[in-house]
file final-v9.txt (compact mmCIF, C-alpha atoms)
# COMPACT_ATOMS: atom_id res chain seq x y z
CA MET U 1 27.91 -17.21 -67.92
CA SER U 2 30.72 -19.27 -66.71
CA LYS U 3 34.17 -19.06 -68.12
CA PHE U 4 35.25 -22.07 -70.12
CA LYS U 5 38.51 -20.72 -71.32
CA LYS U 6 41.02 -23.48 -71.18
CA LYS U 7 43.95 -22.67 -69.10
CA VAL U 8 47.12 -23.00 -71.15
CA ASN U 9 49.82 -23.97 -68.79
CA THR U 10 52.42 -25.59 -71.03
CA LYS U 11 55.54 -23.83 -72.15
CA GLN U 12 55.85 -23.08 -75.81
CA GLU U 13 59.64 -23.30 -76.28
CA ILE U 14 61.77 -26.33 -76.76
CA PRO U 15 64.25 -26.46 -73.92
CA THR U 16 67.67 -25.66 -75.34
CA SER U 17 69.71 -25.76 -72.19
CA SER U 18 70.93 -29.30 -72.91
CA MET U 19 71.86 -28.54 -76.50
CA PRO U 20 75.53 -27.73 -75.72
CA ASP U 21 75.83 -31.00 -73.85
CA VAL U 22 74.50 -32.93 -76.82
CA VAL U 23 76.82 -31.16 -79.22
CA PHE U 24 79.82 -31.59 -76.96
CA MET U 25 79.05 -35.27 -76.75
CA LEU U 26 79.06 -35.46 -80.55
CA LEU U 27 82.30 -33.51 -80.63
CA PHE U 28 84.01 -35.82 -78.17
CA PHE U 29 82.75 -38.83 -80.08
CA PHE U 30 84.36 -37.61 -83.28
CA MET U 31 87.54 -36.55 -81.52
CA VAL U 32 87.94 -39.96 -79.95
CA THR U 33 87.03 -42.09 -82.94
CA THR U 34 88.94 -40.30 -85.68
CA LYS U 35 92.55 -41.16 -85.84
CA MET U 36 94.88 -38.28 -86.51
CA ARG U 37 97.61 -38.90 -89.00
CA GLU U 38 100.93 -38.91 -87.22
CA THR U 39 103.15 -38.14 -90.14
CA ASN U 40 103.17 -35.20 -92.46
CA ILE U 41 103.32 -36.37 -96.00
CA ASN U 42 106.10 -34.57 -97.80
CA VAL U 43 105.54 -36.00 -101.24
CA GLU U 44 102.87 -35.33 -103.82
CA GLN U 45 100.00 -37.76 -103.50
CA HIS U 46 97.57 -38.07 -106.35
CA MET U 47 96.12 -41.53 -106.12
CA PRO U 48 95.35 -43.47 -109.29
CA GLN U 49 91.81 -44.65 -109.92
CA ALA U 50 90.83 -48.27 -110.21
CA THR U 51 87.75 -50.45 -110.05
CA GLN U 52 88.92 -53.70 -108.48
CA LEU U 53 89.58 -52.32 -105.02
CA ARG U 54 89.92 -54.50 -102.00
CA THR U 55 90.37 -53.73 -98.35
CA LEU U 56 92.17 -55.50 -95.60
CA ALA U 57 90.12 -56.84 -92.73
CA LYS U 58 92.83 -56.20 -90.16
CA LYS U 59 93.87 -52.58 -90.43
CA SER U 60 96.58 -52.87 -87.80
CA LEU U 61 98.66 -54.99 -90.18
CA ILE U 62 99.08 -52.20 -92.70
CA SER U 63 102.21 -50.10 -92.94
CA TYR U 64 102.45 -47.21 -95.33
CA LEU U 65 105.13 -46.17 -97.78
CA TYR U 66 104.61 -42.91 -99.62
CA ILE U 67 106.21 -42.45 -103.02
CA GLY U 68 106.09 -39.30 -105.12
CA SER U 69 107.85 -36.09 -106.03
CA PRO U 70 108.78 -34.02 -102.96
CA LYS U 71 106.50 -31.10 -102.27
CA LYS U 72 109.49 -28.86 -101.56
CA ILE U 73 111.14 -29.03 -104.94
CA ASP U 74 113.80 -26.41 -104.17
CA GLN U 75 114.95 -28.38 -101.16
CA PHE U 76 114.75 -31.99 -102.27
CA GLY U 77 114.63 -31.85 -106.06
CA LYS U 78 111.78 -33.16 -108.14
CA GLU U 79 112.85 -36.77 -108.54
CA PRO U 80 110.30 -39.06 -106.82
CA LYS U 81 111.32 -40.13 -103.35
CA ILE U 82 110.22 -42.75 -100.84
CA GLN U 83 108.88 -41.53 -97.54
CA ALA U 84 108.63 -43.88 -94.58
CA ASN U 85 107.27 -42.42 -91.36
CA ASP U 86 108.80 -38.95 -91.33
CA VAL U 87 111.93 -39.37 -93.37
CA PHE U 88 112.95 -39.98 -96.93
CA ILE U 89 114.62 -43.33 -97.42
CA GLU U 90 116.47 -44.96 -100.28
CA PRO U 91 115.30 -48.31 -101.68
CA LYS U 92 118.14 -49.95 -99.72
CA GLY U 93 116.66 -48.72 -96.46
CA VAL U 94 113.36 -50.49 -97.06
CA ILE U 95 114.47 -53.76 -95.42
CA GLN U 96 115.43 -51.96 -92.22
CA TRP U 97 112.13 -50.08 -92.25
CA VAL U 98 110.13 -53.28 -92.76
CA ASN U 99 111.93 -54.92 -89.85
CA SER U 100 111.17 -52.01 -87.55
CA GLU U 101 107.53 -52.10 -88.67
CA LYS U 102 107.35 -55.84 -88.07
CA ALA U 103 108.76 -55.37 -84.59
CA LYS U 104 105.73 -53.24 -83.74
CA LEU U 105 103.36 -56.12 -84.46
CA ASP U 106 102.55 -59.17 -82.39
CA GLU U 107 104.82 -62.08 -83.12
CA VAL U 108 102.06 -64.17 -84.71
CA ASP U 109 101.11 -61.40 -87.11
CA ARG U 110 104.59 -60.54 -88.37
CA ASP U 111 104.43 -62.56 -91.55
CA ALA U 112 100.99 -61.19 -92.40
CA ILE U 113 102.25 -57.61 -92.59
CA THR U 114 100.81 -55.73 -95.55
CA ILE U 115 102.58 -52.82 -97.14
CA SER U 116 100.32 -50.16 -98.57
CA LEU U 117 102.15 -48.34 -101.32
CA LYS U 118 100.70 -44.88 -101.68
CA VAL U 119 102.21 -43.95 -104.98
CA ASP U 120 101.68 -40.74 -106.89
CA VAL U 121 100.34 -41.33 -110.41
CA GLU U 122 103.33 -39.60 -111.99
CA SER U 123 105.94 -41.79 -110.32
CA LYS U 124 107.86 -44.12 -112.56
CA ARG U 125 107.83 -47.90 -112.36
CA GLY U 126 111.62 -48.10 -112.01
CA LEU U 127 111.69 -46.77 -108.47
CA ILE U 128 108.61 -48.77 -107.43
CA ALA U 129 110.12 -51.97 -108.81
CA ASP U 130 113.28 -51.34 -106.76
CA VAL U 131 111.11 -50.99 -103.66
CA GLU U 132 109.26 -54.19 -104.55
CA THR U 133 112.53 -56.11 -104.88
CA GLU U 134 113.60 -54.91 -101.43
CA LEU U 135 110.20 -55.84 -99.99
CA ARG U 136 110.63 -59.33 -101.40
CA ARG U 137 114.01 -59.54 -99.68
CA ALA U 138 112.46 -58.28 -96.45
CA ASN U 139 109.80 -60.98 -96.71
CA ALA U 140 106.91 -58.52 -96.68
CA ARG U 141 105.22 -59.80 -99.77
CA LYS U 142 101.63 -58.71 -99.33
CA LEU U 143 101.21 -55.48 -101.18
CA LEU U 144 98.37 -53.02 -101.56
CA TYR U 145 98.64 -50.41 -104.28
CA SER U 146 96.50 -47.67 -102.83
CA ALA U 147 93.88 -46.37 -105.27
CA ASN U 148 90.59 -44.56 -105.31
CA GLN U 149 87.33 -45.87 -106.68
CA LYS U 150 86.87 -45.03 -110.33
CA ILE U 151 83.59 -43.19 -110.71
CA ASP U 152 82.68 -43.62 -114.36
CA ARG U 153 83.10 -46.85 -116.15
CA MET O 154 67.41 -6.76 -50.34
CA ALA O 155 67.22 -7.57 -54.00
CA ARG O 156 70.30 -9.23 -55.32
CA SER O 157 70.86 -10.00 -58.95
CA THR O 158 71.98 -13.57 -59.42
CA PRO O 159 75.22 -13.63 -61.38
CA GLU O 160 74.83 -15.70 -64.54
CA ILE O 161 76.98 -16.42 -67.50
CA PRO O 162 74.98 -16.21 -70.67
CA ASN O 163 75.01 -19.67 -72.15
CA ALA O 164 72.80 -19.26 -75.15
CA SER O 165 75.78 -19.11 -77.47
CA MET O 166 77.43 -22.17 -76.00
CA ALA O 167 75.74 -24.44 -78.52
CA ASP O 168 76.97 -22.30 -81.37
CA ILE O 169 80.54 -22.49 -80.14
CA ALA O 170 80.29 -26.24 -79.75
CA PHE O 171 78.83 -26.60 -83.23
CA LEU O 172 81.66 -24.54 -84.63
CA LEU O 173 84.21 -26.82 -82.99
CA LEU O 174 82.33 -29.86 -84.24
CA THR O 175 82.27 -28.69 -87.84
CA PHE O 176 85.94 -27.77 -87.62
CA PHE O 177 86.88 -31.29 -86.55
CA LEU O 178 84.55 -32.85 -89.06
CA MET O 179 86.12 -30.95 -91.91
CA THR O 180 89.77 -31.26 -90.95
CA THR O 181 89.89 -34.97 -90.19
CA THR O 182 90.31 -37.15 -93.21
CA VAL O 183 89.06 -40.68 -93.18
CA ALA O 184 92.03 -42.86 -93.99
CA SER O 185 91.21 -45.04 -96.96
CA ASP O 186 92.89 -48.40 -97.00
CA LYS O 187 91.57 -49.44 -100.35
CA GLY O 188 93.66 -50.59 -103.23
CA LEU O 189 94.74 -53.31 -105.58
CA MET O 190 96.16 -56.21 -103.67
CA ILE O 191 98.90 -58.43 -105.00
CA GLN O 192 101.27 -60.99 -103.61
CA LEU O 193 104.93 -60.62 -104.48
CA PRO O 194 107.05 -63.64 -105.40
CA PRO O 195 109.82 -64.85 -103.06
CA PRO O 196 113.08 -62.88 -103.20
CA PRO O 197 115.30 -63.44 -106.25
CA GLU O 198 118.02 -64.95 -104.03
CA ALA O 199 115.66 -67.58 -102.60
CA LEU O 200 114.72 -69.02 -105.97
CA PRO O 201 116.67 -72.13 -106.88
CA PRO O 202 119.17 -71.40 -109.66
CA ASP O 203 118.77 -72.78 -113.15
CA THR O 204 115.10 -73.50 -112.97
CA ASP O 205 114.14 -72.10 -116.32
CA VAL O 206 110.72 -73.49 -116.97
CA GLU O 207 109.63 -73.59 -120.55
CA ILE O 208 106.12 -72.24 -120.82
CA PRO O 209 104.42 -72.77 -124.17
CA GLU O 210 103.77 -69.52 -125.97
CA ARG O 211 100.05 -70.23 -126.14
CA ASN O 212 99.72 -70.29 -122.36
CA LEU O 213 101.20 -66.82 -121.97
CA PHE O 214 99.20 -63.66 -122.36
CA LYS O 215 101.78 -60.94 -122.78
CA ILE O 216 101.09 -57.34 -121.92
CA GLN O 217 103.91 -54.85 -122.28
CA VAL O 218 103.89 -51.15 -121.53
CA ASN O 219 106.65 -48.87 -122.73
CA SER O 220 107.94 -45.65 -121.23
CA PHE O 221 105.36 -43.66 -123.20
CA ASP O 222 102.57 -45.69 -121.56
CA ARG O 223 101.72 -47.38 -124.87
CA LEU O 224 100.48 -50.94 -124.66
CA LEU O 225 101.60 -53.97 -126.58
CA VAL O 226 99.17 -56.86 -126.09
CA GLU O 227 100.19 -60.25 -127.48
CA GLY O 228 102.67 -58.47 -129.74
CA GLU O 229 100.13 -56.06 -131.21
CA PRO O 230 99.79 -52.38 -130.34
CA TRP O 231 96.70 -51.90 -128.22
CA THR O 232 94.50 -48.86 -128.60
CA ALA O 233 91.12 -50.17 -127.43
CA SER O 234 89.64 -49.56 -124.02
CA ASN O 235 90.42 -51.25 -120.72
CA ARG O 236 87.07 -52.98 -120.85
CA GLU O 237 88.01 -54.72 -124.08
CA LEU O 238 91.34 -55.72 -122.58
CA THR O 239 89.49 -57.33 -119.67
CA ASP O 240 87.26 -59.24 -122.09
CA LYS O 241 90.27 -60.39 -124.11
CA ILE O 242 92.00 -61.66 -120.97
CA LYS O 243 88.81 -63.47 -119.92
CA GLY O 244 88.67 -65.12 -123.32
CA PHE O 245 92.28 -66.19 -122.95
CA ILE O 246 91.83 -67.68 -119.46
CA LEU O 247 88.63 -69.56 -120.33
CA ASN O 248 89.83 -70.80 -123.71
CA ASN O 249 90.23 -74.43 -122.59
CA GLY O 250 92.06 -75.43 -125.74
CA GLN O 251 89.40 -74.32 -128.23
CA ASP O 252 91.58 -71.78 -130.00
CA PRO O 253 94.98 -73.40 -130.69
CA THR O 254 96.76 -70.06 -130.24
CA SER O 255 95.23 -69.41 -126.82
CA SER O 256 95.57 -71.14 -123.45
CA ASP O 257 95.24 -74.90 -122.82
CA ASN O 258 93.27 -74.53 -119.62
CA PRO O 259 92.83 -71.93 -116.87
CA GLN O 260 95.32 -73.68 -114.63
CA LYS O 261 98.14 -73.26 -117.12
CA ALA O 262 97.17 -69.78 -118.29
CA ILE O 263 99.57 -67.09 -117.16
CA VAL O 264 99.16 -63.37 -117.66
CA SER O 265 102.58 -61.82 -118.07
CA PHE O 266 102.80 -58.11 -117.43
CA LYS O 267 105.96 -56.23 -118.21
CA THR O 268 106.63 -52.53 -117.87
CA ASP O 269 109.50 -50.20 -118.51
CA ARG O 270 111.31 -48.29 -115.79
CA GLY O 271 109.85 -45.15 -117.32
CA THR O 272 106.22 -46.32 -117.27
CA THR O 273 104.08 -44.18 -115.01
CA HIS O 274 102.30 -45.67 -112.04
CA LYS O 275 98.96 -44.63 -113.54
CA ALA O 276 99.44 -46.82 -116.61
CA PHE O 277 100.61 -49.68 -114.40
CA ILE O 278 97.50 -49.45 -112.20
CA ASP O 279 95.20 -49.22 -115.24
CA VAL O 280 96.51 -52.47 -116.69
CA LEU O 281 96.69 -54.24 -113.32
CA ASP O 282 93.08 -53.20 -112.76
CA ALA O 283 92.03 -54.67 -116.12
CA ILE O 284 93.77 -57.97 -115.34
CA GLN O 285 92.26 -58.24 -111.86
CA ALA O 286 88.85 -57.33 -113.26
CA ALA O 287 89.06 -60.30 -115.64
CA TYR O 288 89.83 -62.74 -112.84
CA HIS O 289 87.32 -61.24 -110.42
CA GLU O 290 84.54 -61.40 -112.99
CA ILE O 291 85.28 -65.05 -113.72
CA TYR O 292 85.36 -65.92 -110.02
CA ALA O 293 82.20 -63.95 -109.26
CA GLU O 294 80.28 -65.63 -112.04
CA ARG O 295 81.31 -69.09 -110.88
CA ALA O 296 80.41 -68.32 -107.27
CA GLY O 297 77.09 -66.79 -108.33
CA VAL O 298 77.69 -63.43 -106.67
CA THR O 299 78.23 -59.91 -107.91
CA VAL O 300 81.77 -58.71 -108.57
CA ASP O 301 81.52 -56.21 -105.72
CA ARG O 302 80.47 -58.97 -103.35
CA TRP O 303 83.29 -61.17 -104.64
CA ARG O 304 85.88 -58.57 -103.80
CA GLU O 305 84.45 -58.34 -100.30
CA ILE O 306 84.67 -62.10 -99.96
CA ALA O 307 88.20 -62.19 -101.31
CA SER O 308 89.26 -59.47 -98.88
CA ASP O 309 88.26 -61.64 -95.96
CA PRO O 310 87.35 -65.21 -97.03
CA ASN O 311 87.14 -66.47 -93.47
CA ALA O 312 84.56 -63.90 -92.37
CA ASP O 313 81.77 -66.49 -92.27
CA PRO O 314 81.27 -70.06 -93.54
CA GLN O 315 79.17 -68.94 -96.48
CA ALA O 316 81.87 -66.56 -97.68
CA ARG O 317 84.45 -69.32 -97.39
CA GLN O 318 82.24 -71.66 -99.39
CA GLN O 319 81.66 -69.11 -102.14
CA TYR O 320 85.35 -68.25 -102.20
CA ASP O 321 86.29 -71.89 -102.73
CA LYS O 322 83.56 -72.34 -105.32
CA GLY O 323 84.63 -69.27 -107.29
CA ARG O 324 88.25 -70.27 -107.46
CA GLY O 325 87.47 -73.97 -107.82
CA LEU O 326 89.31 -75.47 -104.86
CA LEU O 327 90.75 -78.86 -105.72
CA PRO O 328 91.07 -81.73 -103.21
CA ASN O 329 94.85 -81.42 -103.30
CA GLY O 330 94.69 -77.80 -102.12
CA GLY O 331 95.25 -76.23 -105.52
CA VAL O 332 92.73 -74.16 -107.40
CA GLU O 333 91.20 -74.61 -110.84
CA ILE O 334 91.69 -71.00 -111.82
CA PRO O 335 94.67 -69.53 -110.01
CA MET O 336 95.30 -65.83 -110.45
CA ALA O 337 98.54 -66.42 -112.27
CA LEU O 338 99.85 -62.93 -112.74
CA SER O 339 103.52 -62.48 -113.44
CA ILE O 340 104.82 -58.95 -113.05
CA ALA O 341 108.25 -58.94 -114.62
CA GLU O 342 111.19 -56.79 -113.64
CA PRO O 343 110.93 -53.56 -115.68
CA THR O 344 113.12 -53.15 -118.72
CA LYS O 345 115.70 -50.39 -118.76
CA VAL O 346 115.06 -48.84 -122.13
CA GLY O 347 113.88 -45.60 -120.55
CA GLY O 348 112.76 -42.67 -122.56
call {"tool": "encode", "arguments": {"input": "final-v9.txt", "output": "C-alpha cells"}}
result
Amino acid sequence: MSKFKKKVNTKQEIPTSSMPDVVFMLLFFFMVTTKMRETNINVEQHMPQATQLRTLAKKSLISYLYIGSPKKIDQFGKEPKIQANDVFIEPKGVIQWVNSEKAKLDEVDRDAITISLKVDVESKRGLIADVETELRRANARKLLYSANQKIDR
Amino acid sequence: MARSTPEIPNASMADIAFLLLTFFLMTTTVASDKGLMIQLPPPPEALPPDTDVEIPERNLFKIQVNSFDRLLVEGEPWTASNRELTDKIKGFILNNGQDPTSSDNPQKAIVSFKTDRGTTHKAFIDVLDAIQAAYHEIYAERAGVTVDRWREIASDPNADPQARQQYDKGRGLLPNGGVEIPMALSIAEPTKVGG
C-alpha cells in the first residue's frame, strides 16, 4: 500500500520579523504629523460649550490668546490674565502682540489674521471687552471664541 | 568548529515600539480650532464723530446680561431655555412688519447684545450661540441644507462653486452686493455696574 500522506511543507506561523518596522513607521508618522504645542499654558482653560461652531479653512492665519486665572495663584494672583505666547500681557500690549503676529504672516494674508480667544468660562466680560477694543485698534477684527461642541441639546 | 552566531533577541522590539506609539498617541492633543466666529467693528477712533443713527425701537432686539448672568430680553426677565431664545430671535428677524412691535424686515433687524463687565464668559457664549443659531437656521433653511452643512459652507464659502451658490442663496445676495438677511449683531461695550 502506497503512502498518500500529503506532505505539509508550509510554515504555520505568521512572520513577525517585520512587525517592529511596521510599528516604527506608524510611530514616525504620528510624530511627524502631530504638531507639538510650543507654549505652556499658564492659565486655567475650561472651554465653554456651544453648538454653532465654525472652523477656519486656513489654520496658519490663526493666532492664539489665552485668558483665564493663572494656574499659580500664589505667584500671580487669581485675577484673570492674558497670555500671549509665553508671557502675560496687559490689554495695552495687545496691539504690539498683534503686530508681531502679523509680521510672521505673508504680506497678502496680514489683514486676514484671525485671533482665537481661548477664554476660560469663569473669566469676566470686562477684561475680554478691553482686549476686543485693543484688537479693533490693531485692525485684527476677525475673532474666534474658542468653544467645544455641546453634546446634549 | 561550531560557532554560535551572536544574535540580539528582537522579539520584544515590537512591544517596545508599540509602547512608544501609545505614549505619543496619548500625550499629543489634537489642537481644536473650533469656535464662534464674529467680526469686530472698526476701532472707536475710526468712526466718524456725531453719527448717531436713530434706530426705531421695533427694529432692535435687545438682550442684556447682568453681572449675575441673568438675562433681560426685550425688557423682560428671561428664564426660558436657549432654544426658546433662538426661536424668539428667529421670529423677530422674519417678522416682515406683521407684528407692529417687531422688526420691519430682516435687513433692518438688529440684535443688540449688551453685557456687564462682571458677566462670565460662559453666559456670553451661551447667548452668542443662541443668536448665531437663529441666523444659521434661517440661512440653512433658505439654502436648503442642514445647519451643520451651512456652518461648513460659511466657514469656507469659496471651497467650490456649489458652496458659493448656496451661501449666496442662504443670505440672499442682492445685485448691489448687499444681503437680504445680514447677520446684524451689535455687541455693545459692557456696562460698569459690576457686582
call {"tool": "closest_residue", "arguments": {"input": "final-v9.txt", "among": "O:Ala296, O:Met166, O:Ala341, O:Leu172", "to": "Asp321 in chain O", "atoms": "only C-alpha atoms"}}
result
O:Ala296
call {"tool": "residues_around", "arguments": {"input": "final-v9.txt", "residues": "Ser308 in chain O", "least_positions_apart": "2", "cutoff": "6 Å", "atoms": "only C-alpha atoms", "output": "number ranges by chain"}}
result
U: 54-56; O: 305-306
call {"tool": "write_last_selection", "arguments": {"input": "final-v9.txt", "atoms": "C-alpha atoms", "output": "compact mmCIF listing (two decimals), in the frame of the given file"}}
result
# COMPACT_ATOMS: atom_id res chain seq x y z
CA ARG U 54 89.92 -54.50 -102.00
CA THR U 55 90.37 -53.73 -98.35
CA LEU U 56 92.17 -55.50 -95.60
CA GLU O 305 84.45 -58.34 -100.30
CA ILE O 306 84.67 -62.10 -99.96
call {"tool": "closest_residue", "arguments": {"input": "final-v9.txt", "among": "O:Arg236, O:Arg211, O:Lys261, O:Arg304", "to": "Gly188 in chain O", "atoms": "all atoms listed in the file"}}
result
O:Arg304
call {"tool": "atom_distance", "arguments": {"input": "final-v9.txt", "atom1": "CA of Ile263 in chain O", "atom2": "CA of Gly244 in chain O"}}
result
12.7 Å
call {"tool": "residues_around", "arguments": {"input": "final-v9.txt", "residues": "Val43 in chain U", "least_positions_apart": "6", "cutoff": "9 Å", "atoms": "only C-alpha atoms", "output": "list in words"}}
result
Tyr66, Ile67, Gly68, Ser69, Pro70, Lys71, Lys72, Pro80, Lys81, Ile82, Gln83 and Asp120 of chain U
call {"tool": "atom_distance", "arguments": {"input": "final-v9.txt", "atom1": "CA of Asp168 in chain O", "atom2": "CA of Asp21 in chain U"}}
result
11.6 Å
call {"tool": "closest_residue", "arguments": {"input": "final-v9.txt", "among": "U:Val108, U:Ala84, U:Ile14, U:Val23", "to": "chain O", "atoms": "all atoms listed in the file"}}
result
U:Val23
call {"tool": "residues_around", "arguments": {"input": "final-v9.txt", "residues": "Trp97 in chain U", "least_positions_apart": "3", "cutoff": "10 Å", "atoms": "all atoms listed in the file", "output": "PDB file with C-alpha atoms, in the coordinates of the input"}}
result
ATOM      1  CA  SER U  63     102.210 -50.100 -92.940  1.00  0.00           C
ATOM      2  CA  LEU U  65     105.130 -46.170 -97.780  1.00  0.00           C
ATOM      3  CA  ALA U  84     108.630 -43.880 -94.580  1.00  0.00           C
ATOM      4  CA  ASN U  85     107.270 -42.420 -91.360  1.00  0.00           C
ATOM      5  CA  ILE U  89     114.620 -43.330 -97.420  1.00  0.00           C
ATOM      6  CA  LYS U  92     118.140 -49.950 -99.720  1.00  0.00           C
ATOM      7  CA  GLY U  93     116.660 -48.720 -96.460  1.00  0.00           C
ATOM      8  CA  VAL U  94     113.360 -50.490 -97.060  1.00  0.00           C
ATOM      9  CA  SER U 100     111.170 -52.010 -87.550  1.00  0.00           C
ATOM     10  CA  GLU U 101     107.530 -52.100 -88.670  1.00  0.00           C
ATOM     11  CA  LYS U 102     107.350 -55.840 -88.070  1.00  0.00           C
ATOM     12  CA  ALA U 103     108.760 -55.370 -84.590  1.00  0.00           C
ATOM     13  CA  LEU U 135     110.200 -55.840 -99.990  1.00  0.00           C
ATOM     14  CA  ALA U 138     112.460 -58.280 -96.450  1.00  0.00           C
TER      15      ALA U 138
END
call {"tool": "atom_distance", "arguments": {"input": "final-v9.txt", "atom1": "CA of Asp186 in chain O", "atom2": "CA of Met336 in chain O"}}
result
22.1 Å
call {"tool": "residues_around", "arguments": {"input": "final-v9.txt", "residues": "Leu213 in chain O", "least_positions_apart": "3", "cutoff": "7 Å", "atoms": "only C-alpha atoms", "output": "list of chain:residue names"}}
result
O:Glu210, O:Ala262, O:Ile263, O:Val264, O:Ser265
call {"tool": "residues_around", "arguments": {"input": "final-v9.txt", "residues": "Lys187 in chain O", "least_positions_apart": "3", "cutoff": "12 Å", "atoms": "all atoms listed in the file", "output": "ChimeraX atom specification"}}
result
/U:47-57,59,62,115-118,143-150 /O:183-184,190,304-305,308
call {"tool": "axis_aligned_box", "arguments": {"input": "final-v9.txt", "around": "range 191-206 of chain O", "padding_each_side": "3 Å", "output": "AutoDock Vina command-line options"}}
result
--center_x 109.0 --center_y -66.0 --center_z -109.8 --size_x 26.3 --size_y 21.1 --size_z 20.4
call {"tool": "closest_residue", "arguments": {"input": "final-v9.txt", "among": "U:Asp106, U:Glu90, U:Glu134, U:Asp74", "to": "chain O", "atoms": "all atoms listed in the file"}}
result
U:Glu134
call {"tool": "closest_residue", "arguments": {"input": "final-v9.txt", "among": "O:Gln251, O:Ser256, O:Gln319, O:Thr239", "to": "Glu290 in chain O", "atoms": "all atoms listed in the file"}}
result
O:Thr239
call {"tool": "closest_residue", "arguments": {"input": "final-v9.txt", "among": "O:Asp222, O:Glu333, O:Glu207, O:Asp309", "to": "chain U", "atoms": "all atoms listed in the file"}}
result
O:Asp309
call {"tool": "build_atoms", "arguments": {"input": "final-v9.txt", "residues": "range 115-126 of chain U", "atoms": "N, CA, C and O atoms", "output": "tab-separated table (two decimals), keeping the file's coordinate frame"}}
result
chain	number	residue	atom	x	y	z
U	115	ILE	N	102.04	-54.13	-96.85
U	115	ILE	CA	102.58	-52.82	-97.14
U	115	ILE	C	101.62	-52.11	-98.09
U	115	ILE	O	101.31	-52.62	-99.16
U	116	SER	N	101.16	-50.95	-97.68
U	116	SER	CA	100.32	-50.16	-98.57
U	116	SER	C	101.21	-49.14	-99.26
U	116	SER	O	101.82	-48.29	-98.61
U	117	LEU	N	101.32	-49.27	-100.56
U	117	LEU	CA	102.15	-48.34	-101.32
U	117	LEU	C	101.26	-47.20	-101.79
U	117	LEU	O	100.39	-47.40	-102.64
U	118	LYS	N	101.46	-46.04	-101.24
U	118	LYS	CA	100.70	-44.88	-101.68
U	118	LYS	C	101.57	-44.14	-102.68
U	118	LYS	O	102.44	-43.36	-102.32
U	119	VAL	N	101.32	-44.43	-103.93
U	119	VAL	CA	102.21	-43.95	-104.98
U	119	VAL	C	101.50	-42.88	-105.81
U	119	VAL	O	100.34	-43.05	-106.21
U	120	ASP	N	102.20	-41.80	-106.04
U	120	ASP	CA	101.68	-40.74	-106.89
U	120	ASP	C	101.58	-41.25	-108.33
U	120	ASP	O	102.42	-42.02	-108.79
U	121	VAL	N	100.55	-40.81	-109.05
U	121	VAL	CA	100.34	-41.33	-110.41
U	121	VAL	C	101.52	-41.06	-111.34
U	121	VAL	O	101.77	-41.80	-112.28
U	122	GLU	N	102.26	-39.98	-111.07
U	122	GLU	CA	103.33	-39.60	-111.99
U	122	GLU	C	104.64	-40.33	-111.71
U	122	GLU	O	105.59	-40.17	-112.46
U	123	SER	N	104.70	-41.08	-110.63
U	123	SER	CA	105.94	-41.79	-110.32
U	123	SER	C	106.20	-42.84	-111.38
U	123	SER	O	105.29	-43.36	-111.99
U	124	LYS	N	107.49	-43.14	-111.53
U	124	LYS	CA	107.86	-44.12	-112.56
U	124	LYS	C	108.00	-45.51	-111.95
U	124	LYS	O	108.30	-45.67	-110.79
U	125	ARG	N	107.78	-46.51	-112.81
U	125	ARG	CA	107.83	-47.90	-112.36
U	125	ARG	C	109.21	-48.31	-111.85
U	125	ARG	O	109.32	-49.19	-111.02
U	126	GLY	N	110.27	-47.69	-112.38
U	126	GLY	CA	111.62	-48.10	-112.01
U	126	GLY	C	111.83	-48.07	-110.51
U	126	GLY	O	112.25	-49.05	-109.89
